[in-house]
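File shown here: input11.pdb, holding PDB, C-alpha atoms.
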```pdb
MODEL        1
ATOM      1  CA  MET T1093     -66.387 -14.424 -20.596  1.00  0.00           C
ATOM      2  CA  THR T1094     -66.080 -10.961 -22.099  1.00  0.00           C
ATOM      3  CA  LYS T1095     -65.940 -10.732 -25.881  1.00  0.00           C
ATOM      4  CA  TYR T1096     -63.765  -8.164 -27.620  1.00  0.00           C
ATOM      5  CA  PHE T1097     -63.748  -6.641 -31.064  1.00  0.00           C
ATOM      6  CA  LEU T1098     -60.151  -5.927 -32.093  1.00  0.00           C
ATOM      7  CA  ASP T1099     -59.525  -2.834 -34.141  1.00  0.00           C
ATOM      8  CA  THR T1100     -56.397  -2.570 -36.282  1.00  0.00           C
ATOM      9  CA  TYR T1101     -54.470  -0.865 -33.480  1.00  0.00           C
ATOM     10  CA  ALA T1102     -55.179  -3.801 -31.163  1.00  0.00           C
ATOM     11  CA  LEU T1103     -54.268  -6.349 -33.843  1.00  0.00           C
ATOM     12  CA  ILE T1104     -50.897  -4.676 -34.369  1.00  0.00           C
ATOM     13  CA  GLU T1105     -50.209  -4.479 -30.633  1.00  0.00           C
ATOM     14  CA  ILE T1106     -50.928  -8.190 -30.291  1.00  0.00           C
ATOM     15  CA  ILE T1107     -48.578  -8.971 -33.182  1.00  0.00           C
ATOM     16  CA  ILE T1108     -45.719  -6.937 -31.733  1.00  0.00           C
ATOM     17  CA  GLY T1109     -46.212  -8.593 -28.347  1.00  0.00           C
ATOM     18  CA  ASN T1110     -47.395  -5.659 -26.260  1.00  0.00           C
ATOM     19  CA  ARG T1111     -47.742  -7.132 -22.756  1.00  0.00           C
ATOM     20  CA  LYS T1112     -50.751  -4.919 -22.001  1.00  0.00           C
ATOM     21  CA  TYR T1113     -52.719  -6.861 -24.618  1.00  0.00           C
ATOM     22  CA  LYS T1114     -51.655 -10.319 -23.448  1.00  0.00           C
ATOM     23  CA  LYS T1115     -54.508 -10.677 -20.955  1.00  0.00           C
ATOM     24  CA  TYR T1116     -57.056 -10.388 -23.783  1.00  0.00           C
ATOM     25  CA  LEU T1117     -55.704 -13.376 -25.706  1.00  0.00           C
ATOM     26  CA  SER T1118     -57.686 -15.843 -23.607  1.00  0.00           C
ATOM     27  CA  SER T1119     -60.954 -14.014 -24.383  1.00  0.00           C
ATOM     28  CA  ASP T1120     -63.313 -14.455 -27.318  1.00  0.00           C
ATOM     29  CA  LEU T1121     -61.843 -12.154 -29.975  1.00  0.00           C
ATOM     30  CA  PHE T1122     -63.344 -10.877 -33.205  1.00  0.00           C
ATOM     31  CA  THR T1123     -62.494  -8.449 -36.003  1.00  0.00           C
ATOM     32  CA  SER T1124     -63.849  -7.431 -39.405  1.00  0.00           C
ATOM     33  CA  ILE T1125     -62.566  -7.859 -42.921  1.00  0.00           C
ATOM     34  CA  PHE T1126     -61.974  -4.105 -43.060  1.00  0.00           C
ATOM     35  CA  ASN T1127     -59.657  -4.239 -40.055  1.00  0.00           C
ATOM     36  CA  LEU T1128     -57.826  -7.145 -41.679  1.00  0.00           C
ATOM     37  CA  TYR T1129     -57.513  -5.050 -44.824  1.00  0.00           C
ATOM     38  CA  GLU T1130     -55.939  -2.209 -42.809  1.00  0.00           C
ATOM     39  CA  LEU T1131     -53.699  -4.691 -41.019  1.00  0.00           C
ATOM     40  CA  TYR T1132     -52.544  -6.278 -44.272  1.00  0.00           C
ATOM     41  CA  TYR T1133     -51.746  -2.870 -45.749  1.00  0.00           C
ATOM     42  CA  ASN T1134     -49.788  -1.717 -42.692  1.00  0.00           C
ATOM     43  CA  ILE T1135     -47.701  -4.884 -42.511  1.00  0.00           C
ATOM     44  CA  LEU T1136     -47.137  -4.893 -46.267  1.00  0.00           C
ATOM     45  CA  ARG T1137     -45.974  -1.265 -46.062  1.00  0.00           C
ATOM     46  CA  ASP T1138     -43.662  -1.849 -43.092  1.00  0.00           C
ATOM     47  CA  PHE T1139     -42.421  -5.388 -43.790  1.00  0.00           C
ATOM     48  CA  ASN T1140     -43.254  -7.579 -46.788  1.00  0.00           C
ATOM     49  CA  GLU T1141     -45.991  -9.537 -48.531  1.00  0.00           C
ATOM     50  CA  GLU T1142     -45.148 -12.856 -46.887  1.00  0.00           C
ATOM     51  CA  THR T1143     -45.445 -11.388 -43.391  1.00  0.00           C
ATOM     52  CA  ALA T1144     -48.633  -9.503 -44.296  1.00  0.00           C
ATOM     53  CA  LYS T1145     -50.289 -12.678 -45.629  1.00  0.00           C
ATOM     54  CA  LYS T1146     -49.189 -14.653 -42.577  1.00  0.00           C
ATOM     55  CA  TYR T1147     -50.974 -12.307 -40.168  1.00  0.00           C
ATOM     56  CA  PHE T1148     -53.956 -11.805 -42.447  1.00  0.00           C
ATOM     57  CA  LEU T1149     -54.558 -15.557 -42.517  1.00  0.00           C
ATOM     58  CA  GLN T1150     -53.897 -15.916 -38.789  1.00  0.00           C
ATOM     59  CA  PHE T1151     -56.542 -13.355 -37.854  1.00  0.00           C
ATOM     60  CA  LYS T1152     -58.962 -14.369 -40.603  1.00  0.00           C
ATOM     61  CA  LYS T1153     -60.092 -17.107 -38.214  1.00  0.00           C
ATOM     62  CA  ILE T1154     -61.734 -14.523 -35.943  1.00  0.00           C
ATOM     63  CA  LEU T1155     -63.697 -12.655 -38.612  1.00  0.00           C
ATOM     64  CA  ILE T1156     -67.209 -11.625 -37.741  1.00  0.00           C
ATOM     65  CA  HIS T1157     -69.788 -10.859 -40.385  1.00  0.00           C
ATOM     66  CA  PHE T1158     -72.003  -7.815 -40.283  1.00  0.00           C
ATOM     67  CA  THR T1159     -75.286  -6.649 -41.710  1.00  0.00           C
ATOM     68  CA  ASP T1160     -76.525  -3.508 -43.391  1.00  0.00           C
ATOM     69  CA  ALA T1161     -77.742  -2.324 -39.993  1.00  0.00           C
ATOM     70  CA  GLU T1162     -74.164  -2.146 -38.677  1.00  0.00           C
ATOM     71  CA  VAL T1163     -73.099  -0.185 -41.762  1.00  0.00           C
ATOM     72  CA  PHE T1164     -75.918   2.290 -41.111  1.00  0.00           C
ATOM     73  CA  GLN T1165     -75.035   2.540 -37.398  1.00  0.00           C
ATOM     74  CA  ALA T1166     -71.348   2.991 -38.211  1.00  0.00           C
ATOM     75  CA  SER T1167     -72.150   5.832 -40.591  1.00  0.00           C
ATOM     76  CA  GLN T1168     -74.273   7.567 -37.951  1.00  0.00           C
ATOM     77  CA  PHE T1169     -71.476   7.085 -35.406  1.00  0.00           C
ATOM     78  CA  LYS T1170     -68.846   8.477 -37.800  1.00  0.00           C
ATOM     79  CA  LEU T1171     -71.019  11.493 -38.556  1.00  0.00           C
ATOM     80  CA  LYS T1172     -71.668  12.120 -34.853  1.00  0.00           C
ATOM     81  CA  HIS T1173     -67.918  12.010 -34.149  1.00  0.00           C
ATOM     82  CA  LYS T1174     -66.716  13.682 -37.353  1.00  0.00           C
ATOM     83  CA  LYS T1175     -64.331  16.001 -35.476  1.00  0.00           C
ATOM     84  CA  GLN T1176     -62.334  12.959 -34.323  1.00  0.00           C
ATOM     85  CA  LYS T1177     -61.722  11.812 -37.927  1.00  0.00           C
ATOM     86  CA  LEU T1178     -62.284   8.140 -37.082  1.00  0.00           C
ATOM     87  CA  SER T1179     -61.616   5.569 -39.784  1.00  0.00           C
ATOM     88  CA  TYR T1180     -64.504   3.869 -41.558  1.00  0.00           C
ATOM     89  CA  ALA T1181     -63.146   0.481 -40.457  1.00  0.00           C
ATOM     90  CA  ASP T1182     -63.067   1.509 -36.797  1.00  0.00           C
ATOM     91  CA  CYS T1183     -66.565   2.998 -36.904  1.00  0.00           C
ATOM     92  CA  LEU T1184     -67.879  -0.209 -38.424  1.00  0.00           C
ATOM     93  CA  GLY T1185     -66.005  -2.270 -35.838  1.00  0.00           C
ATOM     94  CA  TYR T1186     -67.442  -0.166 -33.043  1.00  0.00           C
ATOM     95  CA  ALA T1187     -70.987  -0.606 -34.412  1.00  0.00           C
ATOM     96  CA  ILE T1188     -70.464  -4.372 -34.642  1.00  0.00           C
ATOM     97  CA  ALA T1189     -69.122  -4.459 -31.083  1.00  0.00           C
ATOM     98  CA  VAL T1190     -72.127  -2.588 -29.728  1.00  0.00           C
ATOM     99  CA  LYS T1191     -74.637  -4.786 -31.572  1.00  0.00           C
ATOM    100  CA  GLU T1192     -72.893  -8.022 -30.555  1.00  0.00           C
ATOM    101  CA  LYS T1193     -72.421  -6.869 -26.942  1.00  0.00           C
ATOM    102  CA  MET T1194     -68.632  -6.860 -27.142  1.00  0.00           C
ATOM    103  CA  ARG T1195     -66.090  -4.386 -25.870  1.00  0.00           C
ATOM    104  CA  PHE T1196     -64.262  -2.455 -28.586  1.00  0.00           C
ATOM    105  CA  LEU T1197     -60.547  -2.983 -27.879  1.00  0.00           C
ATOM    106  CA  THR T1198     -58.256  -0.210 -29.076  1.00  0.00           C
ATOM    107  CA  GLY T1199     -55.431   2.120 -28.173  1.00  0.00           C
ATOM    108  CA  ASP T1200     -56.593   4.762 -30.632  1.00  0.00           C
ATOM    109  CA  LYS T1201     -56.731   7.978 -28.615  1.00  0.00           C
ATOM    110  CA  GLU T1202     -59.807   9.151 -30.512  1.00  0.00           C
ATOM    111  CA  PHE T1203     -61.828   6.396 -28.790  1.00  0.00           C
ATOM    112  CA  LYS T1204     -60.492   7.008 -25.280  1.00  0.00           C
ATOM    113  CA  ASP T1205     -63.643   8.472 -23.723  1.00  0.00           C
ATOM    114  CA  ILE T1206     -66.287   6.678 -25.774  1.00  0.00           C
ATOM    115  CA  GLN T1207     -68.684   4.287 -24.061  1.00  0.00           C
ATOM    116  CA  ASN T1208     -68.124   0.522 -24.576  1.00  0.00           C
ATOM    117  CA  VAL T1209     -64.427   0.990 -25.373  1.00  0.00           C
ATOM    118  CA  GLU T1210     -61.628  -0.924 -23.687  1.00  0.00           C
ATOM    119  CA  PHE T1211     -58.808   1.589 -24.126  1.00  0.00           C
ATOM    120  CA  VAL T1212     -55.270   0.194 -23.847  1.00  0.00           C
ATOM    121  CA  GLN T1213     -52.277   2.199 -25.019  1.00  0.00           C
ATOM    122  CA  LYS T1214     -48.703   1.159 -25.564  1.00  0.00           C
TER     123      LYS T1214
ENDMDL
END
```
As a first step, turn the structure in this file into structure tokens.
Amino acid sequence: MTKYFLDTYALIEIIIGNRKYKKYLSSDLFTSIFNLYELYYNILRDFNEETAKKYFLQFKKILIHFTDAEVFQASQFKLKHKKQKLSYADCLGYAIAVKEKMRFLTGDKEFKDIQNVEFVQK
């Protein structure tokens, strides 16, 4: 079974019920604390604290831990792609996905043509 690392874009699309993301729900899914932080902020900004905590706790169950090596890889990746202005959280998530042999699931257009990315837009 394919494993996927969910970036914040993917997490939000799953929450809002985007049908294009439904097929991934039966896969092994993972995310990082930094993506949960971004998710919490976005939901808090657009809705309220109760809703933000609800989704934070729901997705906390799929957290994956990372090492210094992923931080170093993510920084190299961000520097290599500095023209795309990728977020730190997404670069770290991508590095984790590569190390753990997962696909990086996103709809972020900046990742569209990058290797090991499962690109799904709205």
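Put simply, CA of Ile1125 (chain T) is 12.0 Å away from CA of Ile1188 (chain T).
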Pairwise distance for CA of Gln1150 (chain T) and CA of Ile1107 (chain T), rounded to one decimal in Å: 10.4 Å
Explicit residues for the PyMOL selection byres ((chain T and resi 1116) around 10) (as a list in words): Thr1094, Lys1095, Tyr1096, Leu1098, Ile1106, Arg1111, Lys1112, Tyr1113, Lys1114, Lys1115, Leu1117, Ser1118, Ser1119, Asp1120, Leu1121 and Leu1197 of chain T
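Considering the residues T:Asp1200, T:Glu1141, T:Asp1205, T:Glu1192 and counting all atoms listed in the file, Phe1097 (chain T) has its shortest atom-to-atom contact with T:Glu1192.
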Residue nearest Phe1126 (chain T) - candidates T:Ser1167, T:Asn1140, T:Ser1179, T:Asn1208, atoms counted: all atoms listed in the file: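 Closest to Phe1126 (chain T) of all the choices is T:Ser1179.
For the set T:Gly1109, T:Asp1138, T:Phe1151, T:Tyr1101, the residue with the smallest atom-to-atom gap to Phe1203 (chain T) is T:Tyr1101, counting only C-alpha atoms.
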Pick from T:Gln1168, T:Ser1124, T:Thr1143, T:Gln1207, whichever lies nearest to Asp1099 (chain T) using all atoms listed in the file: T:Ser1124
Residues matched by the PyMOL selection byres ((chain T and resi 1155) around 6) as a list in words: Phe1122, Thr1123, Ser1124, Lys1152, Lys1153, Ile1154 and Ile1156 of chain T
Write the residues of the selection above to a file with C-alpha atoms, as a compact mmCIF listing (two decimals), keeping the file's coordinate frame.
```
# COMPACT_ATOMS: atom_id res chain seq x y z
CA PHE T 1122 -63.34 -10.88 -33.20
CA THR T 1123 -62.49 -8.45 -36.00
CA SER T 1124 -63.85 -7.43 -39.40
CA LYS T 1152 -58.96 -14.37 -40.60
CA LYS T 1153 -60.09 -17.11 -38.21
CA ILE T 1154 -61.73 -14.52 -35.94
CA ILE T 1156 -67.21 -11.62 -37.74
```
Spatial neighbours of region 1161-1166 of chain T, 7 Å, all atoms listed in the file, chain gap at least 6 places, as a list in words: Cys1183, Leu1184, Ala1187 and Ile1188 of chain T
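With CA of Gln1176 (chain T) on one side and CA of Gly1199 (chain T) on the other, the separation reads 14.2 Å.
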What are the centre and the three edge lengths of an axis-aligned box that wraps all atoms of region 1156-1169 of chain T in the file, given that 6 Å is added to every side, written as lines of an AutoDock Vina configuration file and rounded to one decimal in Å?
```
center_x = -72.5
center_y = -2.0
center_z = -39.4
size_x = 22.5
size_y = 31.2
size_z = 20.0
```
Neighbour residues at most 6 Å from (-62.9, -1.9, -26.5) (all atoms listed in the file) as a list in words: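 Residues lying no farther than 6 Å from the given point: Arg1195, Phe1196, Leu1197, Thr1198, Val1209, Glu1210 and Phe1211 of chain T.
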Residue selection dump (C-alpha atoms) as a PDB file, in the frame of the given file:
```
ATOM      1  CA  ARG T1195     -66.090  -4.386 -25.870  1.00  0.00           C
ATOM      2  CA  PHE T1196     -64.262  -2.455 -28.586  1.00  0.00           C
ATOM      3  CA  LEU T1197     -60.547  -2.983 -27.879  1.00  0.00           C
ATOM      4  CA  THR T1198     -58.256  -0.210 -29.076  1.00  0.00           C
ATOM      5  CA  VAL T1209     -64.427   0.990 -25.373  1.00  0.00           C
ATOM      6  CA  GLU T1210     -61.628  -0.924 -23.687  1.00  0.00           C
ATOM      7  CA  PHE T1211     -58.808   1.589 -24.126  1.00  0.00           C
TER       8      PHE T1211
END
```
For the interface of region 1142-1191 of chain T with region 1129-1135 of chain T (cut-off 8 Å, counting only C-alpha atoms), please tabulate each contacting residue of region 1142-1191 of chain T alongside its nearest pair of atoms and their separation in Å to one decimal, rows sorted by chain and increasing number, as JSON lines.
```
{"residue": "T:Thr1143", "atom": "CA", "partner": "T:Ile1135", "partner_atom": "CA", "distance": 6.9}
{"residue": "T:Ala1144", "atom": "CA", "partner": "T:Ile1135", "partner_atom": "CA", "distance": 5.0}
{"residue": "T:Lys1145", "atom": "CA", "partner": "T:Tyr1132", "partner_atom": "CA", "distance": 6.9}
{"residue": "T:Tyr1147", "atom": "CA", "partner": "T:Tyr1132", "partner_atom": "CA", "distance": 7.5}
{"residue": "T:Phe1148", "atom": "CA", "partner": "T:Tyr1132", "partner_atom": "CA", "distance": 6.0}
```
